[in-house]
file start33.cif (mmCIF, C-alpha atoms)
data_input
#
loop_
_atom_site.group_PDB
_atom_site.id
_atom_site.type_symbol
_atom_site.label_atom_id
_atom_site.label_comp_id
_atom_site.auth_asym_id
_atom_site.auth_seq_id
_atom_site.Cartn_x
_atom_site.Cartn_y
_atom_site.Cartn_z
ATOM 1 C CA MET A 678 -76.409 -5.195 28.426
ATOM 2 C CA THR A 679 -78.217 -5.622 25.158
ATOM 3 C CA LYS A 680 -76.079 -4.230 22.401
ATOM 4 C CA VAL A 681 -72.381 -3.565 22.160
ATOM 5 C CA ASP A 682 -71.397 -1.684 19.038
ATOM 6 C CA ALA A 683 -67.725 -1.020 19.441
ATOM 7 C CA ILE A 684 -64.992 -2.648 21.391
ATOM 8 C CA PRO A 685 -61.488 -2.379 19.935
ATOM 9 C CA SER A 686 -59.822 -5.416 18.492
ATOM 10 C CA ARG A 687 -57.489 -7.465 20.668
ATOM 11 C CA ALA A 688 -54.601 -6.521 18.399
ATOM 12 C CA HIS A 689 -55.298 -2.859 18.767
ATOM 13 C CA ALA A 690 -55.733 -3.079 22.508
ATOM 14 C CA ALA A 691 -52.589 -5.169 22.837
ATOM 15 C CA SER A 692 -50.562 -2.631 20.879
ATOM 16 C CA GLY A 693 -51.050 -0.158 23.703
ATOM 17 C CA THR A 694 -51.597 2.626 21.212
ATOM 18 C CA VAL A 695 -54.606 4.867 21.410
ATOM 19 C CA PRO A 696 -55.992 6.523 18.303
ATOM 20 C CA THR A 697 -55.351 10.242 18.086
ATOM 21 C CA GLN A 698 -58.624 11.009 16.322
ATOM 22 C CA ARG A 699 -62.048 10.654 17.893
ATOM 23 C CA SER A 700 -62.664 6.999 18.407
ATOM 24 C CA SER A 701 -65.378 5.040 20.137
ATOM 25 C CA LEU A 702 -63.885 2.409 22.415
ATOM 26 C CA ILE A 703 -67.109 1.151 23.918
ATOM 27 C CA ASN A 704 -70.681 1.807 22.859
ATOM 28 C CA VAL A 705 -73.370 -0.023 24.785
ATOM 29 C CA THR A 706 -77.139 0.308 24.599
ATOM 30 C CA TRP A 707 -79.555 -1.179 27.111
ATOM 31 C CA ASP A 708 -83.269 -1.511 26.552
ATOM 32 C CA SER A 709 -83.898 -2.073 30.248
ATOM 33 C CA SER A 710 -82.254 -0.755 33.408
ATOM 34 C CA PRO A 711 -78.591 -1.736 33.397
ATOM 35 C CA ASP A 712 -77.014 -3.585 36.294
ATOM 36 C CA VAL A 713 -74.591 -0.889 37.421
ATOM 37 C CA GLU A 714 -72.625 -3.195 39.704
ATOM 38 C CA GLN A 715 -72.036 -5.639 36.866
ATOM 39 C CA PHE A 716 -71.053 -2.791 34.581
ATOM 40 C CA LEU A 717 -68.594 -1.472 37.178
ATOM 41 C CA ALA A 718 -66.724 -4.782 37.081
ATOM 42 C CA PHE A 719 -66.627 -4.691 33.282
ATOM 43 C CA ILE A 720 -65.550 -1.061 32.853
ATOM 44 C CA SER A 721 -63.039 -1.241 35.684
ATOM 45 C CA ALA A 722 -61.316 -4.240 34.117
ATOM 46 C CA TYR A 723 -61.436 -2.700 30.647
ATOM 47 C CA THR A 724 -60.011 0.687 31.634
ATOM 48 C CA ARG A 725 -57.305 -0.862 33.821
ATOM 49 C CA GLY A 726 -56.180 -2.884 30.833
ATOM 50 C CA ARG A 727 -56.060 0.102 28.557
ATOM 51 C CA PHE A 728 -55.156 3.219 30.552
ATOM 52 C CA SER A 729 -52.965 4.193 33.489
ATOM 53 C CA ALA A 730 -54.251 3.144 36.918
ATOM 54 C CA SER A 731 -55.113 6.720 37.779
ATOM 55 C CA LEU A 732 -57.045 7.386 34.578
ATOM 56 C CA ALA A 733 -58.793 4.019 34.850
ATOM 57 C CA GLU A 734 -59.953 4.926 38.349
ATOM 58 C CA ARG A 735 -61.299 8.271 37.158
ATOM 59 C CA LEU A 736 -63.085 6.812 34.137
ATOM 60 C CA THR A 737 -64.587 4.037 36.239
ATOM 61 C CA LEU A 738 -65.922 6.546 38.749
ATOM 62 C CA ALA A 739 -67.436 8.756 36.050
ATOM 63 C CA SER A 740 -68.922 5.781 34.200
ATOM 64 C CA THR A 741 -70.520 4.336 37.299
ATOM 65 C CA GLU A 742 -71.866 7.597 38.682
ATOM 66 C CA LEU A 743 -73.311 8.792 35.370
ATOM 67 C CA LEU A 744 -74.959 5.463 34.691
ATOM 68 C CA ASP A 745 -76.237 5.216 38.260
ATOM 69 C CA ASN A 746 -77.726 8.707 38.009
ATOM 70 C CA ALA A 747 -79.408 7.867 34.709
ATOM 71 C CA VAL A 748 -80.957 4.737 36.186
ATOM 72 C CA ARG A 749 -81.827 6.255 39.551
ATOM 73 C CA TYR A 750 -83.406 9.438 38.283
ATOM 74 C CA GLY A 751 -85.189 7.756 35.531
ATOM 75 C CA SER A 752 -85.584 7.445 31.888
ATOM 76 C CA LEU A 753 -88.932 8.206 30.323
ATOM 77 C CA ALA A 754 -88.233 5.351 27.997
ATOM 78 C CA ARG A 755 -86.304 2.374 29.280
ATOM 79 C CA ASP A 756 -83.270 2.914 27.143
ATOM 80 C CA PHE A 757 -79.768 3.949 28.128
ATOM 81 C CA THR A 758 -76.651 4.411 26.054
ATOM 82 C CA TYR A 759 -73.095 4.438 27.355
ATOM 83 C CA ARG A 760 -70.051 5.445 25.351
ATOM 84 C CA LEU A 761 -66.365 5.578 26.156
ATOM 85 C CA GLU A 762 -64.402 7.534 23.572
ATOM 86 C CA VAL A 763 -61.038 9.067 22.995
ATOM 87 C CA ASP A 764 -61.173 12.424 21.282
ATOM 88 C CA GLY A 765 -57.694 13.656 20.470
ATOM 89 C CA ASN A 766 -55.989 14.002 23.797
ATOM 90 C CA ARG A 767 -59.156 13.570 25.840
ATOM 91 C CA ALA A 768 -60.981 10.580 27.253
ATOM 92 C CA VAL A 769 -64.742 10.993 27.253
ATOM 93 C CA VAL A 770 -67.494 9.126 29.057
ATOM 94 C CA CYS A 771 -71.012 9.800 27.789
ATOM 95 C CA VAL A 772 -74.325 8.499 29.126
ATOM 96 C CA GLN A 773 -77.501 9.222 27.221
ATOM 97 C CA ASN A 774 -81.043 8.746 28.430
ATOM 98 C CA THR A 775 -84.400 10.477 28.477
ATOM 99 C CA THR A 776 -85.795 12.457 31.338
ATOM 100 C CA VAL A 777 -88.241 15.177 32.323
ATOM 101 C CA ARG A 778 -87.702 18.947 31.953
ATOM 102 C CA ALA A 779 -87.437 19.525 35.700
ATOM 103 C CA ARG A 780 -84.521 17.130 35.887
ATOM 104 C CA VAL A 781 -82.776 18.898 33.000
ATOM 105 C CA ASP A 782 -83.194 22.230 34.788
ATOM 106 C CA MET A 783 -81.782 20.755 37.998
ATOM 107 C CA LEU A 784 -78.795 19.291 36.177
ATOM 108 C CA THR A 785 -78.121 22.571 34.393
ATOM 109 C CA ALA A 786 -78.146 24.502 37.662
ATOM 110 C CA GLN A 787 -75.921 21.930 39.335
ATOM 111 C CA LEU A 788 -73.365 22.015 36.525
ATOM 112 C CA ARG A 789 -73.205 25.783 36.876
ATOM 113 C CA ARG A 790 -72.457 25.404 40.595
ATOM 114 C CA LEU A 791 -69.884 22.716 39.942
ATOM 115 C CA GLU A 792 -68.116 24.739 37.304
ATOM 116 C CA ALA A 793 -67.598 27.539 39.796
ATOM 117 C CA SER A 794 -66.267 25.452 42.659
ATOM 118 C CA PRO A 795 -66.316 21.653 42.546
ATOM 119 C CA GLU A 796 -64.595 21.224 45.898
ATOM 120 C CA GLN A 797 -67.077 23.438 47.724
ATOM 121 C CA VAL A 798 -70.051 21.718 46.117
ATOM 122 C CA TYR A 799 -68.600 18.331 47.030
ATOM 123 C CA ALA A 800 -68.168 19.340 50.676
ATOM 124 C CA ALA A 801 -71.612 20.959 50.717
ATOM 125 C CA GLU A 802 -73.253 17.812 49.343
ATOM 126 C CA LEU A 803 -71.585 15.668 51.987
ATOM 127 C CA GLU A 804 -72.570 18.131 54.702
ATOM 128 C CA ARG A 805 -76.128 18.252 53.421
ATOM 129 C CA SER A 806 -76.460 14.483 53.569
ATOM 130 C CA MET A 807 -75.120 14.566 57.133
ATOM 131 C CA ALA A 808 -77.925 16.827 58.340
ATOM 132 C CA PRO A 809 -80.792 15.160 60.244
ATOM 133 C CA GLY A 810 -83.656 14.292 57.928
ATOM 134 C CA ALA A 811 -81.598 14.860 54.804
ATOM 135 C CA GLY A 812 -83.046 13.225 51.728
ATOM 136 C CA ARG A 813 -81.166 10.572 49.834
ATOM 137 C CA ARG A 814 -81.386 12.508 46.590
ATOM 138 C CA SER A 815 -78.290 14.610 46.365
ATOM 139 C CA MET A 816 -75.939 15.510 43.571
ATOM 140 C CA LEU A 817 -72.949 13.910 45.221
ATOM 141 C CA GLY A 818 -72.269 11.722 42.194
ATOM 142 C CA LEU A 819 -71.749 14.675 39.866
ATOM 143 C CA ALA A 820 -69.673 16.468 42.494
ATOM 144 C CA ARG A 821 -67.480 13.393 42.803
ATOM 145 C CA ILE A 822 -66.871 13.347 39.045
ATOM 146 C CA CYS A 823 -65.749 16.984 39.082
ATOM 147 C CA HIS A 824 -63.845 17.060 42.361
ATOM 148 C CA GLU A 825 -62.677 13.523 42.928
ATOM 149 C CA ALA A 826 -62.090 12.429 39.330
ATOM 150 C CA GLU A 827 -61.187 15.968 38.204
ATOM 151 C CA MET A 828 -63.258 15.633 35.055
ATOM 152 C CA LYS A 829 -65.191 18.295 33.193
ATOM 153 C CA LEU A 830 -68.933 17.768 32.878
ATOM 154 C CA SER A 831 -71.160 18.981 30.074
ATOM 155 C CA LEU A 832 -74.795 18.435 29.207
ATOM 156 C CA ASP A 833 -76.465 18.224 25.799
ATOM 157 C CA VAL A 834 -80.229 18.359 25.651
ATOM 158 C CA ASP A 835 -82.412 17.462 22.686
ATOM 159 C CA GLY A 836 -86.068 17.426 23.672
ATOM 160 C CA ASN A 837 -86.379 14.835 26.432
ATOM 161 C CA GLU A 838 -83.060 13.263 25.536
ATOM 162 C CA VAL A 839 -80.051 14.199 27.658
ATOM 163 C CA SER A 840 -76.413 13.333 27.136
ATOM 164 C CA MET A 841 -74.121 13.879 30.070
ATOM 165 C CA ARG A 842 -70.420 13.862 29.212
ATOM 166 C CA ALA A 843 -67.436 13.696 31.518
ATOM 167 C CA SER A 844 -64.038 14.313 29.987
ATOM 168 C CA CYS A 845 -60.410 14.724 30.959
ATOM 169 C CA SER A 846 -56.950 14.672 29.450
ATOM 170 C CA ARG A 847 -55.535 11.195 29.076
ATOM 171 C CA MET B 770 -68.872 -11.844 74.819
ATOM 172 C CA SER B 771 -68.769 -8.351 73.367
ATOM 173 C CA HIS B 772 -71.655 -6.967 71.360
ATOM 174 C CA ILE B 773 -69.457 -6.238 68.379
ATOM 175 C CA SER B 774 -68.262 -9.834 68.122
ATOM 176 C CA LYS B 775 -71.867 -10.964 67.579
ATOM 177 C CA ILE B 776 -72.357 -8.921 64.423
ATOM 178 C CA GLU B 777 -72.669 -10.979 61.284
ATOM 179 C CA SER B 778 -71.112 -9.911 58.021
ATOM 180 C CA PRO B 779 -73.642 -9.078 55.289
ATOM 181 C CA GLN B 780 -73.757 -11.409 52.332
ATOM 182 C CA LEU B 781 -72.582 -9.361 49.397
ATOM 183 C CA PRO B 782 -70.411 -10.957 46.713
ATOM 184 C CA SER B 783 -68.232 -7.910 46.131
ATOM 185 C CA PHE B 784 -67.890 -6.703 49.719
ATOM 186 C CA THR B 785 -66.112 -8.148 52.749
ATOM 187 C CA LEU B 786 -66.430 -7.189 56.388
ATOM 188 C CA SER B 787 -64.104 -8.537 59.015
ATOM 189 C CA ILE B 788 -64.600 -7.775 62.704
ATOM 190 C CA THR B 789 -61.788 -8.265 65.167
ATOM 191 C CA PRO B 790 -63.011 -7.708 68.722
ATOM 192 C CA PRO B 791 -62.793 -5.695 70.745
ATOM 193 C CA SER B 792 -62.459 -2.637 68.550
ATOM 194 C CA SER B 793 -61.373 -3.244 64.964
ATOM 195 C CA VAL B 794 -63.318 -3.537 61.740
ATOM 196 C CA ALA B 795 -61.914 -4.010 58.236
ATOM 197 C CA MET B 796 -63.770 -3.647 54.958
ATOM 198 C CA GLY B 797 -62.747 -4.698 51.477
ATOM 199 C CA GLY B 798 -63.907 -5.021 47.892
ATOM 200 C CA THR B 799 -66.348 -2.646 46.259
ATOM 201 C CA ILE B 800 -69.831 -1.284 46.974
ATOM 202 C CA ALA B 801 -71.722 -0.389 43.819
ATOM 203 C CA ILE B 802 -75.180 -1.807 44.462
ATOM 204 C CA ALA B 803 -78.083 0.529 43.815
ATOM 205 C CA ASP B 804 -79.169 0.990 47.415
ATOM 206 C CA PRO B 805 -76.403 0.021 49.819
ATOM 207 C CA GLY B 806 -78.359 1.621 52.672
ATOM 208 C CA LEU B 807 -80.902 -1.199 52.462
ATOM 209 C CA VAL B 808 -78.302 -3.945 52.503
ATOM 210 C CA LEU B 809 -75.545 -2.471 54.657
ATOM 211 C CA GLY B 810 -77.160 0.382 56.573
ATOM 212 C CA GLY B 811 -78.462 -1.919 59.309
ATOM 213 C CA CYS B 812 -75.063 -3.522 59.743
ATOM 214 C CA PHE B 813 -73.325 -0.160 60.051
ATOM 215 C CA ARG B 814 -75.900 0.907 62.621
ATOM 216 C CA ARG B 815 -75.420 -2.311 64.590
ATOM 217 C CA MET B 816 -71.655 -1.764 64.662
ATOM 218 C CA HIS B 817 -72.216 1.733 66.026
ATOM 219 C CA GLU B 818 -74.652 0.523 68.678
ATOM 220 C CA ALA B 819 -72.346 -2.340 69.624
ATOM 221 C CA ALA B 820 -69.447 0.073 70.082
ATOM 222 C CA LEU B 821 -71.633 2.124 72.427
ATOM 223 C CA ALA B 822 -72.873 -0.948 74.297
ATOM 224 C CA ASP B 823 -69.315 -2.255 74.690
ATOM 225 C CA GLY B 824 -68.250 1.117 76.068
ATOM 226 C CA LEU B 825 -65.446 1.457 73.555
ATOM 227 C CA SER B 826 -63.349 4.580 73.684
ATOM 228 C CA GLU B 827 -62.277 4.049 70.084
ATOM 229 C CA LEU B 828 -63.311 1.937 67.102
ATOM 230 C CA SER B 829 -60.913 1.454 64.202
ATOM 231 C CA VAL B 830 -62.443 1.024 60.759
ATOM 232 C CA ASP B 831 -59.908 -0.020 58.133
ATOM 233 C CA VAL B 832 -61.178 0.757 54.627
ATOM 234 C CA ARG B 833 -57.853 0.497 52.790
ATOM 235 C CA GLN B 834 -59.001 -2.560 50.843
ATOM 236 C CA LEU B 835 -62.331 -0.992 49.935
ATOM 237 C CA THR B 836 -61.296 0.144 46.487
ATOM 238 C CA PHE B 837 -64.515 1.602 45.103
ATOM 239 C CA VAL B 838 -67.810 2.844 46.507
ATOM 240 C CA ASN B 839 -70.648 4.656 44.796
ATOM 241 C CA SER B 840 -72.124 7.885 46.129
ATOM 242 C CA SER B 841 -74.888 6.085 47.975
ATOM 243 C CA ALA B 842 -72.294 4.047 49.828
ATOM 244 C CA ILE B 843 -70.368 7.143 50.854
ATOM 245 C CA ARG B 844 -73.525 8.095 52.732
ATOM 246 C CA LEU B 845 -73.108 5.005 54.899
ATOM 247 C CA PHE B 846 -69.917 6.545 56.232
ATOM 248 C CA VAL B 847 -71.561 9.966 56.451
ATOM 249 C CA ASP B 848 -74.364 8.467 58.548
ATOM 250 C CA TRP B 849 -71.945 6.628 60.815
ATOM 251 C CA SER B 850 -69.914 9.792 61.332
ATOM 252 C CA SER B 851 -73.023 11.782 62.220
ATOM 253 C CA TRP B 852 -74.177 9.117 64.726
ATOM 254 C CA VAL B 853 -70.822 9.316 66.481
ATOM 255 C CA ALA B 854 -70.711 13.097 66.315
ATOM 256 C CA ASN B 855 -74.179 13.214 67.886
ATOM 257 C CA ALA B 856 -73.450 10.639 70.582
ATOM 258 C CA GLY B 857 -71.790 13.222 72.789
ATOM 259 C CA ALA B 858 -69.986 12.152 75.960
ATOM 260 C CA LYS B 859 -71.126 8.525 75.766
ATOM 261 C CA GLY B 860 -69.724 8.206 72.274
ATOM 262 C CA TYR B 861 -66.397 6.920 71.038
ATOM 263 C CA LEU B 862 -63.687 7.982 68.639
ATOM 264 C CA LEU B 863 -64.324 6.618 65.145
ATOM 265 C CA ARG B 864 -60.913 6.133 63.557
ATOM 266 C CA PHE B 865 -60.819 5.488 59.825
ATOM 267 C CA ARG B 866 -57.691 3.904 58.373
ATOM 268 C CA THR B 867 -57.436 4.968 54.747
ATOM 269 C CA ASP B 868 -55.132 4.722 51.761
ATOM 270 C CA ARG B 869 -54.138 8.069 50.241
ATOM 271 C CA ARG B 870 -53.599 6.460 46.850
ATOM 272 C CA ILE B 871 -57.288 5.634 46.556
ATOM 273 C CA THR B 872 -58.986 8.794 45.412
ATOM 274 C CA TRP B 873 -62.411 8.312 46.982
ATOM 275 C CA GLN B 874 -60.827 7.702 50.363
ATOM 276 C CA ARG B 875 -58.535 10.708 50.119
ATOM 277 C CA THR B 876 -61.319 13.134 49.245
ATOM 278 C CA SER B 877 -64.269 11.763 51.226
ATOM 279 C CA PHE B 878 -62.697 11.102 54.589
ATOM 280 C CA ALA B 879 -60.904 14.435 54.708
ATOM 281 C CA VAL B 880 -64.279 16.170 54.411
ATOM 282 C CA LEU B 881 -65.927 13.761 56.845
ATOM 283 C CA GLN B 882 -63.263 14.465 59.408
ATOM 284 C CA SER B 883 -63.805 18.189 59.114
ATOM 285 C CA LEU B 884 -67.576 17.727 59.453
ATOM 286 C CA GLY B 885 -67.425 15.195 62.276
ATOM 287 C CA GLY B 886 -65.199 17.231 64.541
ATOM 288 C CA LYS B 887 -63.392 15.482 67.372
ATOM 289 C CA ALA B 888 -65.472 12.321 67.012
ATOM 290 C CA ILE B 889 -63.646 11.354 63.802
ATOM 291 C CA ALA B 890 -59.962 10.565 63.423
ATOM 292 C CA LEU B 891 -58.109 9.727 60.250
ATOM 293 C CA ASP B 892 -55.034 7.579 59.748
ATOM 294 C CA ALA B 893 -54.104 8.060 56.112
ATOM 295 C CA GLU B 894 -51.268 5.895 54.847
#
call {"tool": "encode", "arguments": {"input": "start33.cif", "output": "structure tokens"}}
result
Amino acid sequence: MTKVDAIPSRAHAASGTVPTQRSSLINVTWDSSPDVEQFLAFISAYTRGRFSASLAERLTLASTELLDNAVRYGSLARDFTYRLEVDGNRAVVCVQNTTVRARVDMLTAQLRRLEASPEQVYAAELERSMAPGAGRRSMLGLARICHEAEMKLSLDVDGNEVSMRASCSR
Amino acid sequence: MSHISKIESPQLPSFTLSITPPSSVAMGGTIAIADPGLVLGGCFRRMHEAALADGLSELSVDVRQLTFVNSSAIRLFVDWSSWVANAGAKGYLLRFRTDRRITWQRTSFAVLQSLGGKAIALDAE
């Protein structure tokens, strides 16, 4: 982890209050591939200290899967940004990286499928990986965020830069 | 000495594997490494082959203390379920003991059970 821009003060965190306006709780930039396992330990501890157990579990899952996807399916540059925000009544996880057009098209199509029926996509992804000779590259991570964590996914694209956001009520 | 008792636990700081012969396995911790198939896939396969070699009718796998796994790690359980489902008459019943309060266990194993047919049983507490 190379740069941490925003972590709330101890006093603020200890107060147990969460800002009602949009507020960045964590903003981390890496200039090389992040260690996702190490980040899991960090974000799990942070969210458990700040949110309910259930919300912490959901945010940890979304954070880990989005970051893992960004690392696994590549950045054109070697930079990754992670943000955890509260926006009014919503908690938002955002991972930004760069990728190729084909990947953007695949993500867009997958989000469309997930929007229609997350549970079916989740089951289909598990079934697909169970088939003999199935490749390791599935979209199970995104399906887990929608079905398991019950979070809404959205994608912003600006040239080669993609920002994947997962959000839910808090 | 049973085959399953000879299996060594993989060395992963965040993951624990405890084998109680003749037919119980318990896992704990988290699996979030980038490619768990490389590190744990062989061990899972050896447990499956040991269960076959020992002629077990049932193997209990307790995952209640396994609090988080990434998507790649879920595939370890998918693979294991498909091995058992494909083993036919010489196979065994793979019984997962899960905790309903842990979301990944509640969602994943329900689907695995439906895909694995009679080879997979679920004890959800």
call {"tool": "closest_residue", "arguments": {"input": "start33.cif", "among": "A:Asp756, A:Asp708, A:Glu742, A:Asp764", "to": "Met816 (chain A)", "atoms": "only C-alpha atoms"}}
result
A:Glu742
call {"tool": "closest_atom_pairs", "arguments": {"input": "start33.cif", "of": "chain A", "to": "chain B", "cutoff": "6 Å", "atoms": "all atoms listed in the file", "output": "tab-separated table"}}
result
residue	atom	partner	partner_atom	distance
A:Glu714	CA	B:Ala801	CA	5.1
A:Met807	CA	B:Val847	CA	5.9
A:Gly818	CA	B:Ser840	CA	5.5
call {"tool": "resolve_selection", "arguments": {"input": "start33.cif", "expression": "the PyMOL selection byres ((chain B and resi 773-779) around 9)", "output": "list in words"}}
result
Met770, Ser771, His772, Gln780, Leu781, Phe784, Thr785, Leu786, Ser787, Ile788, Thr789, Pro790, Pro791, Ser792, Val808, Leu809, Cys812, Arg815, Met816, His817, Glu818, Ala819, Ala820, Ala822 and Asp823 of chain B
call {"tool": "resolve_selection", "arguments": {"input": "start33.cif", "expression": "the PyMOL selection byres ((chain A and resi 749) around 12)", "output": "MDAnalysis selection string"}}
result
(chainID A and resid 710:713 741:748 750:753 755 757 774 776 780 813:816 818) or (chainID B and resid 802:804 840:841)
call {"tool": "resolve_selection", "arguments": {"input": "start33.cif", "expression": "the PyMOL selection byres ((chain A and resi 795) around 12)", "output": "CSV table (one decimal) with C-alpha atoms, in the coordinates of the input"}}
result
chain,number,residue,atom,x,y,z
A,787,GLN,CA,-75.9,21.9,39.3
A,788,LEU,CA,-73.4,22.0,36.5
A,789,ARG,CA,-73.2,25.8,36.9
A,790,ARG,CA,-72.5,25.4,40.6
A,791,LEU,CA,-69.9,22.7,39.9
A,792,GLU,CA,-68.1,24.7,37.3
A,793,ALA,CA,-67.6,27.5,39.8
A,794,SER,CA,-66.3,25.5,42.7
A,796,GLU,CA,-64.6,21.2,45.9
A,797,GLN,CA,-67.1,23.4,47.7
A,798,VAL,CA,-70.1,21.7,46.1
A,799,TYR,CA,-68.6,18.3,47.0
A,800,ALA,CA,-68.2,19.3,50.7
A,801,ALA,CA,-71.6,21.0,50.7
A,802,GLU,CA,-73.3,17.8,49.3
A,816,MET,CA,-75.9,15.5,43.6
A,817,LEU,CA,-72.9,13.9,45.2
A,818,GLY,CA,-72.3,11.7,42.2
A,819,LEU,CA,-71.7,14.7,39.9
A,820,ALA,CA,-69.7,16.5,42.5
A,821,ARG,CA,-67.5,13.4,42.8
A,822,ILE,CA,-66.9,13.3,39.0
A,823,CYS,CA,-65.7,17.0,39.1
A,824,HIS,CA,-63.8,17.1,42.4
A,825,GLU,CA,-62.7,13.5,42.9
A,826,ALA,CA,-62.1,12.4,39.3
A,827,GLU,CA,-61.2,16.0,38.2
A,828,MET,CA,-63.3,15.6,35.1
A,829,LYS,CA,-65.2,18.3,33.2
A,830,LEU,CA,-68.9,17.8,32.9
B,876,THR,CA,-61.3,13.1,49.2
call {"tool": "atom_distance", "arguments": {"input": "start33.cif", "atom1": "CA of Asp782 (chain A)", "atom2": "CA of Tyr759 (chain A)"}}
result
21.8 Å
call {"tool": "axis_aligned_box", "arguments": {"input": "start33.cif", "around": "region 779-798 of chain B", "padding_each_side": "8 Å", "output": "AutoDock Vina command-line options"}}
result
--center_x -67.6 --center_y -7.0 --center_z 58.4 --size_x 28.4 --size_y 24.8 --size_z 40.6
call {"tool": "atom_distance", "arguments": {"input": "start33.cif", "atom1": "CA of Met796 (chain B)", "atom2": "CA of Ser829 (chain B)"}}
result
10.9 Å
call {"tool": "residues_around", "arguments": {"input": "start33.cif", "residues": "Ala733 (chain A)", "least_positions_apart": "4", "cutoff": "7 Å", "atoms": "all atoms listed in the file", "output": "list of chain:residue names"}}
result
A:Ser721, A:Thr724, A:Arg725, A:Phe728, A:Ser729, A:Thr737
call {"tool": "atom_distance", "arguments": {"input": "start33.cif", "atom1": "CA of Ser844 (chain A)", "atom2": "CA of Val832 (chain B)"}}
result
28.3 Å
call {"tool": "closest_residue", "arguments": {"input": "start33.cif", "among": "B:Leu835, B:Ala795, B:Leu862, B:Gly810", "to": "Leu891 (chain B)", "atoms": "only C-alpha atoms"}}
result
B:Leu862
